[in-house]
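Report on the structure given below.
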Amino acid sequence: MKPLKSEIQNSDALQEIGRASVQIVHDLKNQLNGLKLYATFLRKRMEKSERPEDERETITKLIAGLERAASDMTALVRFSRPLELRRKSHTDLVKILEGIERSESVPVEIEASELRGQFDVAAITEALRDITSSALGLSSTEDLRIHSRVDEEGKQALIEWRGLKINDGDDPFHSFAGSDRIRMSLAAKVIEAHGGKVEHGRDALSIRLPLEQQG
């Protein structure tokens with residue numbers, strides 16, 4: 001029984017370390033947001049005093065870096081916490097995909113006129129955008145396309161990001177190798193919380209989400 005007790009103690013210790021790490025990340029995010037305010041103040045002062053172009057470019061890059069770091073930390077903190085979904089009936093995934101097509105310039109092939117279900121609009125939209133962003137990094141822009149349809153049983157929406165190149169042994173949905181993968185893990189968590197499923201192959205990412213049944 002001693003090895004089992006040791007494993008439990010190690011598990012408890014890891015959970016404590018995880019909770020402490022998330023709190024530190026949360027505090028660091030707040031500090032970065034404070035630094036961003038100072039940097040923004042300096043940029044406005046520079047604009048008024050007509051500082052050299054290279055100085056203004058430097059402060060702009062600094063602000064962008066602070067924003068990225070704070071955004072990455074926000075994703076990590078959100079992943080560590082339970083999801084609180086606010087589902088709305090008759091949410092149409094087709095409209096969300098059409099919005100992504102316009103903003104990301106990624107072609108969307110839609111077989112169904114609508115894909116309605118009970119979804120948290122903000123959470124599911126962000127998840128689909130994060131998956132698309134990751135897919136863009138796994139393909140050339142010319143090859144990537146999003147395909148959506150109703151599955152054979154008519155109960156689920158099937159959405160695929162095709163034209164990708166995924167290495168053997170790589171799981172884009174469950175990896176913490178960088179900030180993009182943290183967002184992918186969060187996207188998978190959102191999909192699964194809606195009763196859906198995420199999958200990947202060598203050339204595609206796919207998700208399934210339950211649809212509202214009529215009648």
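Ordering of the structure tokens sets the chain letters (A, B, ...); residue numbers start at 1 within each chain; ligands are numbered from 1 in the order shown.
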All residues 7 Å or closer to Leu138 (chain A), only C-alpha atoms, same chain fewer than 2 positions away omitted, as an NGL selection string
:A and (134-136 or 164-166)
Dump as a PDB file, in the first residue's frame, selection limited to N, CA and C atoms:
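The resulting file, again.pdb, is reproduced below:
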```pdb
ATOM      1  N   SER A 134      -5.221  27.903 -35.454  1.00  0.00           N
ATOM      2  CA  SER A 134      -4.233  26.827 -35.376  1.00  0.00           C
ATOM      3  C   SER A 134      -4.112  26.103 -36.710  1.00  0.00           C
ATOM      4  N   ALA A 135      -5.255  25.900 -37.384  1.00  0.00           N
ATOM      5  CA  ALA A 135      -5.242  25.231 -38.686  1.00  0.00           C
ATOM      6  C   ALA A 135      -4.447  26.030 -39.712  1.00  0.00           C
ATOM      7  N   LEU A 136      -4.529  27.351 -39.635  1.00  0.00           N
ATOM      8  CA  LEU A 136      -3.747  28.192 -40.545  1.00  0.00           C
ATOM      9  C   LEU A 136      -2.254  27.967 -40.362  1.00  0.00           C
ATOM     10  N   LEU A 164      -4.480  20.077 -44.116  1.00  0.00           N
ATOM     11  CA  LEU A 164      -3.437  20.322 -43.121  1.00  0.00           C
ATOM     12  C   LEU A 164      -2.301  19.314 -43.241  1.00  0.00           C
ATOM     13  N   LYS A 165      -1.234  19.586 -42.535  1.00  0.00           N
ATOM     14  CA  LYS A 165      -0.100  18.666 -42.439  1.00  0.00           C
ATOM     15  C   LYS A 165       0.227  18.501 -40.960  1.00  0.00           C
ATOM     16  N   ILE A 166      -0.196  17.373 -40.385  1.00  0.00           N
ATOM     17  CA  ILE A 166      -0.016  17.100 -38.963  1.00  0.00           C
ATOM     18  C   ILE A 166       0.963  15.955 -38.796  1.00  0.00           C
TER      19      ILE A 166
END
```
Nearby residues (only C-alpha atoms) at most 10 Å from Leu186 (chain A), same-chain spacing under 6 positions excluded, as a VMD selection string:
chain A and resid 75 to 76 78 to 80 83 123 126 to 127 130 to 131 173 to 174 180 192
Go through A:Leu97, A:Ile191, A:Ala112, A:Leu205 and flag the residue nearest Ser139 (chain A), using only C-alpha atoms for the distances.
A:Leu205
Extract the full set of helix (DSSP H, G or I) residues from region 16-213 of chain A according to DSSP on the backbone, and format it as an MDAnalysis selection string.
chainID A and resid 16:49 53:80 93:104 121:137 179:193
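Shell of Arg86 (chain A) at 8 Å, with only C-alpha atoms counted and residues fewer than 5 places along the chain excluded, is Phe119, Asp120 and Val121 of chain A.
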Which distance in Å separates CA of Ile63 (chain A) and CA of Arg81 (chain A), to one decimal?
27.3 Å
If you measure from CA of His26 (chain A) to CA of Thr74 (chain A), what distance in Å do you get, rounded to one decimal?
7.4 Å
Can you tell me which residues surround region 206-208 of chain A at a distance of at most 8 Å, considering only C-alpha atoms, apart from same-chain residues fewer than 6 positions away, and format the answer as a PyMOL selection string?
chain A and resi 156-161+191+196-200
I need the residues from that last selection saved to file as an mmCIF file, in the first residue's frame (with C-alpha atoms), if you can.
```cif
data_model
loop_
_atom_site.group_PDB
_atom_site.id
_atom_site.type_symbol
_atom_site.label_atom_id
_atom_site.label_comp_id
_atom_site.auth_asym_id
_atom_site.auth_seq_id
_atom_site.Cartn_x
_atom_site.Cartn_y
_atom_site.Cartn_z
ATOM 1 C CA GLN A 156 -24.570 16.027 -35.015
ATOM 2 C CA ALA A 157 -22.807 18.802 -36.871
ATOM 3 C CA LEU A 158 -19.505 17.665 -38.351
ATOM 4 C CA ILE A 159 -16.997 20.453 -39.010
ATOM 5 C CA GLU A 160 -13.612 19.690 -40.597
ATOM 6 C CA TRP A 161 -10.536 21.814 -41.246
ATOM 7 C CA ILE A 191 -16.438 21.487 -27.525
ATOM 8 C CA GLY A 196 -19.165 17.248 -28.574
ATOM 9 C CA LYS A 197 -15.989 15.493 -29.633
ATOM 10 C CA VAL A 198 -12.683 16.560 -31.194
ATOM 11 C CA GLU A 199 -10.573 14.413 -33.522
ATOM 12 C CA HIS A 200 -7.564 14.772 -35.810
#
```
I need the residues of region 82-215 of chain A that end up classed as strand (DSSP E) by DSSP on the backbone, written out as a PyMOL selection string.
chain A and resi 88-92+108-110+116-119+145-150+156-162+197-200+204-210
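Relative to CA of Val108 (chain A), CA of His147 (chain A) is found at 5.8 Å.
Comparing A:Ala193, A:Leu42, A:Leu32, A:Ile100 by their smallest distance to Gly65 (chain A), the closest is A:Leu32 (using only C-alpha atoms).
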Residue neighbourhood region 87-92 of chain A, 9 Å, only C-alpha atoms, exclusion window fewer than 5 positions, as an mmCIF file with C-alpha atoms, in the first residue's frame:
```cif
data_model
loop_
_atom_site.group_PDB
_atom_site.id
_atom_site.type_symbol
_atom_site.label_atom_id
_atom_site.label_comp_id
_atom_site.auth_asym_id
_atom_site.auth_seq_id
_atom_site.Cartn_x
_atom_site.Cartn_y
_atom_site.Cartn_z
ATOM 1 C CA GLU A 114 -28.346 25.558 -40.900
ATOM 2 C CA LEU A 115 -26.716 23.749 -37.961
ATOM 3 C CA ARG A 116 -28.734 24.728 -34.913
ATOM 4 C CA GLY A 117 -28.055 23.630 -31.366
ATOM 5 C CA GLN A 118 -27.946 24.777 -27.763
ATOM 6 C CA PHE A 119 -24.571 26.520 -27.610
ATOM 7 C CA ASP A 120 -22.830 29.250 -25.676
ATOM 8 C CA VAL A 121 -22.422 31.701 -28.558
ATOM 9 C CA HIS A 194 -21.161 21.037 -25.156
ATOM 10 C CA GLU A 212 -31.295 20.243 -31.721
#
```
If we count only C-alpha atoms, what is near Thr40 (chain A) at a cut-off of 10 Å, once residues fewer than 6 positions away on the same chain are taken out, given as a list of chain:residue names?
A:Gly34, A:Met46, A:Ile59, A:Thr60, A:Leu62, A:Ile63
